[in-house]
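Working notes, beginning with the structure itself.
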Amino acid sequence: MRATPRVLVQEAAFDLAAETARLQQGRTDVGGLASFLGVCRGDGGLSAMVLEHYPGMTERALARIAEEACARWPLTGCTVIHRHGRLVPGDPIVLVLTASAHRTAALESCAFLIDWLKTKAPFWKREEFAGREARWVEAKSEDDEAAARWSR
Amino acid sequence: MKVLYFAWVRQKVGTAEEDVAPPPEVRDVAGLVRWLAGRGPGHAAAFADPRQVRAAVNQEFATPDAPVRPGDEVAFFPPVTGG
């Protein structure tokens with residue numbers, strides 16, 4: 001049976017250990033978990049990053065991406081948590097967690113999820129700096145290329 | 001028709017959301033962009049280069065030729081930068 005993804009869009013922080021335990025709870029068929037934890041960097045004197053999103057569409061887009069991962073790989077579980085609001089350097093932004101009987105499915109699906117999420121989920125980052133004007137982050141062509149390697 | 005704006009598109013337009021009633025000749029996203037751009041200087045600035053603006057119709061990404069109808073929720077925003 002295909003796993004049902006857990007998808008959350010929230011302002012609050014998340015707990016990697018608790019989310020990992022959740023994917024293992026009550027089952028003995030999990031042979032490996034892979035995780036990607038995206039963190040706010042403090043490049044160039046960045047003081048804060050504000051993440052805006054499209055409530056409603058964001059949840060739908062993330063659920064669809066996660067369901068695609070569950071269709072492509074034999075996952076026992078999959079969790080995607082993306083934060084919005086104001087974050088400071090060092091704060092976690094996004095968590096992708098995948099579980100499977102074997103490592104390849106967990107590792108590949110985790111990379112797929114973060115690559116697709118970056119180009120297919122409606123989030124926008126605004127960077128704030130001490131003593132300088134804030135700016136919207138521009139989309140990168142490398143992200144489009146990373147997402148394109150999973151198309152089929 | 002409900003129109004939503006996000007990120008710098010929202011800042012340039014000057015509002016996050018508005019209800020509009022475009023004329024019947026506005027049938028697709030590209031037509032709606034042309035019509036909205038004529039609503040005021042903020043709208044004109046937001047849509048000055050339509051290639052920089054992405055759209056969604058009823059919360060699905062949409063191309064310029066996607067149809068729009070009364071009652072739709074249409075959103076305009078820059079290319080996404082999450083993750």
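All residue names refer to the structure tokens as shown: chains lettered A, B, ... in order, residues numbered from 1 in each chain, ligands numbered from 1 in order.
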
Leaving out A:Leu33 and any residue of its chain fewer than 6 positions from it, which residues lie within 8 Å of it when counting only C-alpha atoms, given as a list in words?
Thr20, Leu97, Thr98, Ala99, Ser100, Arg103, Ala106 and Leu107 of chain A

Which residues, written as a PDB file with N, CA and C atoms, in the first residue's frame, have at least one atom at most 10 Å from stretch 22-26 of chain B, with only C-alpha atoms counted and residues fewer than 2 positions away on the same chain left out?
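The result, stored in selection37.pdb:
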```
ATOM      1  N   MET B   1     -14.597  37.911 -10.148  1.00  0.00           N
ATOM      2  CA  MET B   1     -13.324  37.185 -10.190  1.00  0.00           C
ATOM      3  C   MET B   1     -12.414  37.727  -9.089  1.00  0.00           C
ATOM      4  N   ASP B  19     -11.423  42.148  -5.896  1.00  0.00           N
ATOM      5  CA  ASP B  19     -12.481  41.553  -6.717  1.00  0.00           C
ATOM      6  C   ASP B  19     -12.619  42.399  -7.965  1.00  0.00           C
ATOM      7  N   VAL B  20     -12.560  41.765  -9.126  1.00  0.00           N
ATOM      8  CA  VAL B  20     -12.641  42.503 -10.380  1.00  0.00           C
ATOM      9  C   VAL B  20     -13.699  41.875 -11.286  1.00  0.00           C
ATOM     10  N   ASP B  28      -8.423  34.918 -21.217  1.00  0.00           N
ATOM     11  CA  ASP B  28      -7.314  34.095 -20.731  1.00  0.00           C
ATOM     12  C   ASP B  28      -6.394  34.929 -19.834  1.00  0.00           C
ATOM     13  N   VAL B  29      -5.385  34.244 -19.272  1.00  0.00           N
ATOM     14  CA  VAL B  29      -4.475  34.901 -18.324  1.00  0.00           C
ATOM     15  C   VAL B  29      -3.792  36.102 -18.979  1.00  0.00           C
ATOM     16  N   ALA B  30      -3.326  35.944 -20.215  1.00  0.00           N
ATOM     17  CA  ALA B  30      -2.630  37.042 -20.895  1.00  0.00           C
ATOM     18  C   ALA B  30      -3.555  38.244 -21.077  1.00  0.00           C
ATOM     19  N   GLY B  31      -4.809  37.982 -21.428  1.00  0.00           N
ATOM     20  CA  GLY B  31      -5.790  39.056 -21.588  1.00  0.00           C
ATOM     21  C   GLY B  31      -6.073  39.749 -20.269  1.00  0.00           C
ATOM     22  N   LEU B  32      -6.138  38.965 -19.199  1.00  0.00           N
ATOM     23  CA  LEU B  32      -6.380  39.537 -17.877  1.00  0.00           C
ATOM     24  C   LEU B  32      -5.208  40.425 -17.452  1.00  0.00           C
ATOM     25  N   VAL B  33      -3.977  39.985 -17.753  1.00  0.00           N
ATOM     26  CA  VAL B  33      -2.785  40.782 -17.427  1.00  0.00           C
ATOM     27  C   VAL B  33      -2.862  42.131 -18.147  1.00  0.00           C
ATOM     28  N   ARG B  34      -3.191  42.117 -19.439  1.00  0.00           N
ATOM     29  CA  ARG B  34      -3.282  43.381 -20.204  1.00  0.00           C
ATOM     30  C   ARG B  34      -4.348  44.298 -19.603  1.00  0.00           C
ATOM     31  N   TRP B  35      -5.468  43.703 -19.231  1.00  0.00           N
ATOM     32  CA  TRP B  35      -6.569  44.501 -18.665  1.00  0.00           C
ATOM     33  C   TRP B  35      -6.207  45.054 -17.279  1.00  0.00           C
ATOM     34  N   LEU B  36      -5.621  44.200 -16.440  1.00  0.00           N
ATOM     35  CA  LEU B  36      -5.236  44.651 -15.092  1.00  0.00           C
ATOM     36  C   LEU B  36      -4.182  45.757 -15.163  1.00  0.00           C
ATOM     37  N   PRO B  67      -7.485  29.618 -19.789  1.00  0.00           N
ATOM     38  CA  PRO B  67      -8.731  30.384 -19.722  1.00  0.00           C
ATOM     39  C   PRO B  67      -9.032  30.904 -18.320  1.00  0.00           C
ATOM     40  N   VAL B  68      -9.661  32.082 -18.257  1.00  0.00           N
ATOM     41  CA  VAL B  68     -10.162  32.612 -16.977  1.00  0.00           C
ATOM     42  C   VAL B  68     -11.644  32.944 -17.152  1.00  0.00           C
ATOM     43  N   ARG B  69     -12.406  32.666 -16.091  1.00  0.00           N
ATOM     44  CA  ARG B  69     -13.863  32.871 -16.138  1.00  0.00           C
ATOM     45  C   ARG B  69     -14.317  33.592 -14.873  1.00  0.00           C
ATOM     46  N   PRO B  70     -15.509  34.227 -14.931  1.00  0.00           N
ATOM     47  CA  PRO B  70     -16.066  34.831 -13.713  1.00  0.00           C
ATOM     48  C   PRO B  70     -16.142  33.778 -12.607  1.00  0.00           C
TER      49      PRO B  70
END
```

Residues of chain A near chain B: apply a cut-off of 7 Å, count only C-alpha atoms, and supply the list as a PyMOL selection string.
chain A and resi 38+52+57+94+114+117-119+121-125+137-139

Export N, CA and C atoms of the chosen residues as a CSV table (one decimal), in the first residue's frame?
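Output contents, as saved in out_20.csv:
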```csv
chain,number,residue,atom,x,y,z
A,38,GLY,N,16.7,22.2,5.5
A,38,GLY,CA,17.1,23.5,4.9
A,38,GLY,C,17.2,24.6,6.0
A,52,GLU,N,7.0,34.4,2.4
A,52,GLU,CA,5.6,34.5,2.1
A,52,GLU,C,5.1,33.3,1.3
A,57,MET,N,-3.0,27.0,-1.8
A,57,MET,CA,-2.3,26.5,-3.0
A,57,MET,C,-1.0,25.8,-2.5
A,94,VAL,N,13.0,24.3,6.2
A,94,VAL,CA,12.2,23.2,5.6
A,94,VAL,C,12.8,21.8,6.0
A,114,ILE,N,13.1,17.8,-2.4
A,114,ILE,CA,13.6,19.1,-2.2
A,114,ILE,C,13.8,19.8,-3.6
A,117,LEU,N,10.2,20.7,-4.8
A,117,LEU,CA,9.6,21.7,-3.9
A,117,LEU,C,10.1,23.1,-4.2
A,118,LYS,N,11.4,23.2,-4.5
A,118,LYS,CA,12.0,24.5,-4.8
A,118,LYS,C,11.4,25.2,-6.0
A,119,THR,N,10.9,24.5,-7.0
A,119,THR,CA,10.4,25.1,-8.2
A,119,THR,C,8.9,25.0,-8.4
A,121,ALA,N,6.5,24.8,-5.4
A,121,ALA,CA,5.7,25.2,-4.3
A,121,ALA,C,5.7,26.8,-4.2
A,122,PRO,N,4.5,27.4,-4.0
A,122,PRO,CA,4.4,28.9,-4.0
A,122,PRO,C,4.9,29.5,-2.7
A,123,PHE,N,6.2,29.6,-2.6
A,123,PHE,CA,6.9,30.4,-1.5
A,123,PHE,C,7.7,31.5,-2.2
A,124,TRP,N,7.9,32.6,-1.4
A,124,TRP,CA,8.8,33.6,-1.9
A,124,TRP,C,9.6,34.1,-0.7
A,125,LYS,N,10.9,34.3,-0.9
A,125,LYS,CA,11.8,34.7,0.2
A,125,LYS,C,12.1,36.2,0.0
A,137,VAL,N,14.3,37.5,-3.1
A,137,VAL,CA,15.3,36.5,-3.7
A,137,VAL,C,14.8,36.2,-5.1
A,138,GLU,N,15.7,36.1,-6.1
A,138,GLU,CA,15.3,35.8,-7.4
A,138,GLU,C,15.5,34.3,-7.6
A,139,ALA,N,14.6,33.7,-8.4
A,139,ALA,CA,14.7,32.3,-8.8
A,139,ALA,C,16.0,32.0,-9.5
```

Please indicate the distance in Å from atom CA of A:Ala105 to atom CA of A:Leu75, rounded to one decimal place.
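About the pair atom CA of A:Ala105 and atom CA of A:Leu75: they are 6.9 Å apart.
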
Using only C-alpha atoms, which of the listed residues (B:Pro41, B:Ala55, B:Ala46, B:Ala66) sits closest to B:Gln11?
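Ranking B:Pro41, B:Ala55, B:Ala46, B:Ala66 by distance to B:Gln11, first place goes to B:Ala46.
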
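Shortest separation to A:Gly90 among A:Cys78, A:Ala21, A:Leu8, A:Met49 occurs at residue A:Met49, atoms counted being only C-alpha atoms.
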
Quick one: pick out all alpha helix (DSSP H) residues within stretch 20-127 of chain A from a backbone DSSP run and write them as a VMD selection string.
chain A and resid 20 to 24 57 to 72 103 to 120

Residues within 9 Å of B:Gly14, please, as a PyMOL selection string. Count only C-alpha atoms; anything in the same chain fewer than 4 positions from it doesn't count.
chain B and resi 9-10+42-43

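Put simply, atom CA of A:Ala111 is 23.5 Å away from atom CA of A:Gly42.
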
Write out as JSON, numbers by chain each polymer residue whose atoms come within 7 Å of A:Val96, counting only C-alpha atoms; drop sequence neighbours fewer than 6 positions from it.
{"A": [35, 36, 37, 79, 80, 81, 110, 114]}

Enter the distance from atom CA of A:Gly85 to atom CA of A:Ala13, in Å, rounded to one decimal.
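Pair atom CA of A:Gly85 / atom CA of A:Ala13 returns 10.9 Å.
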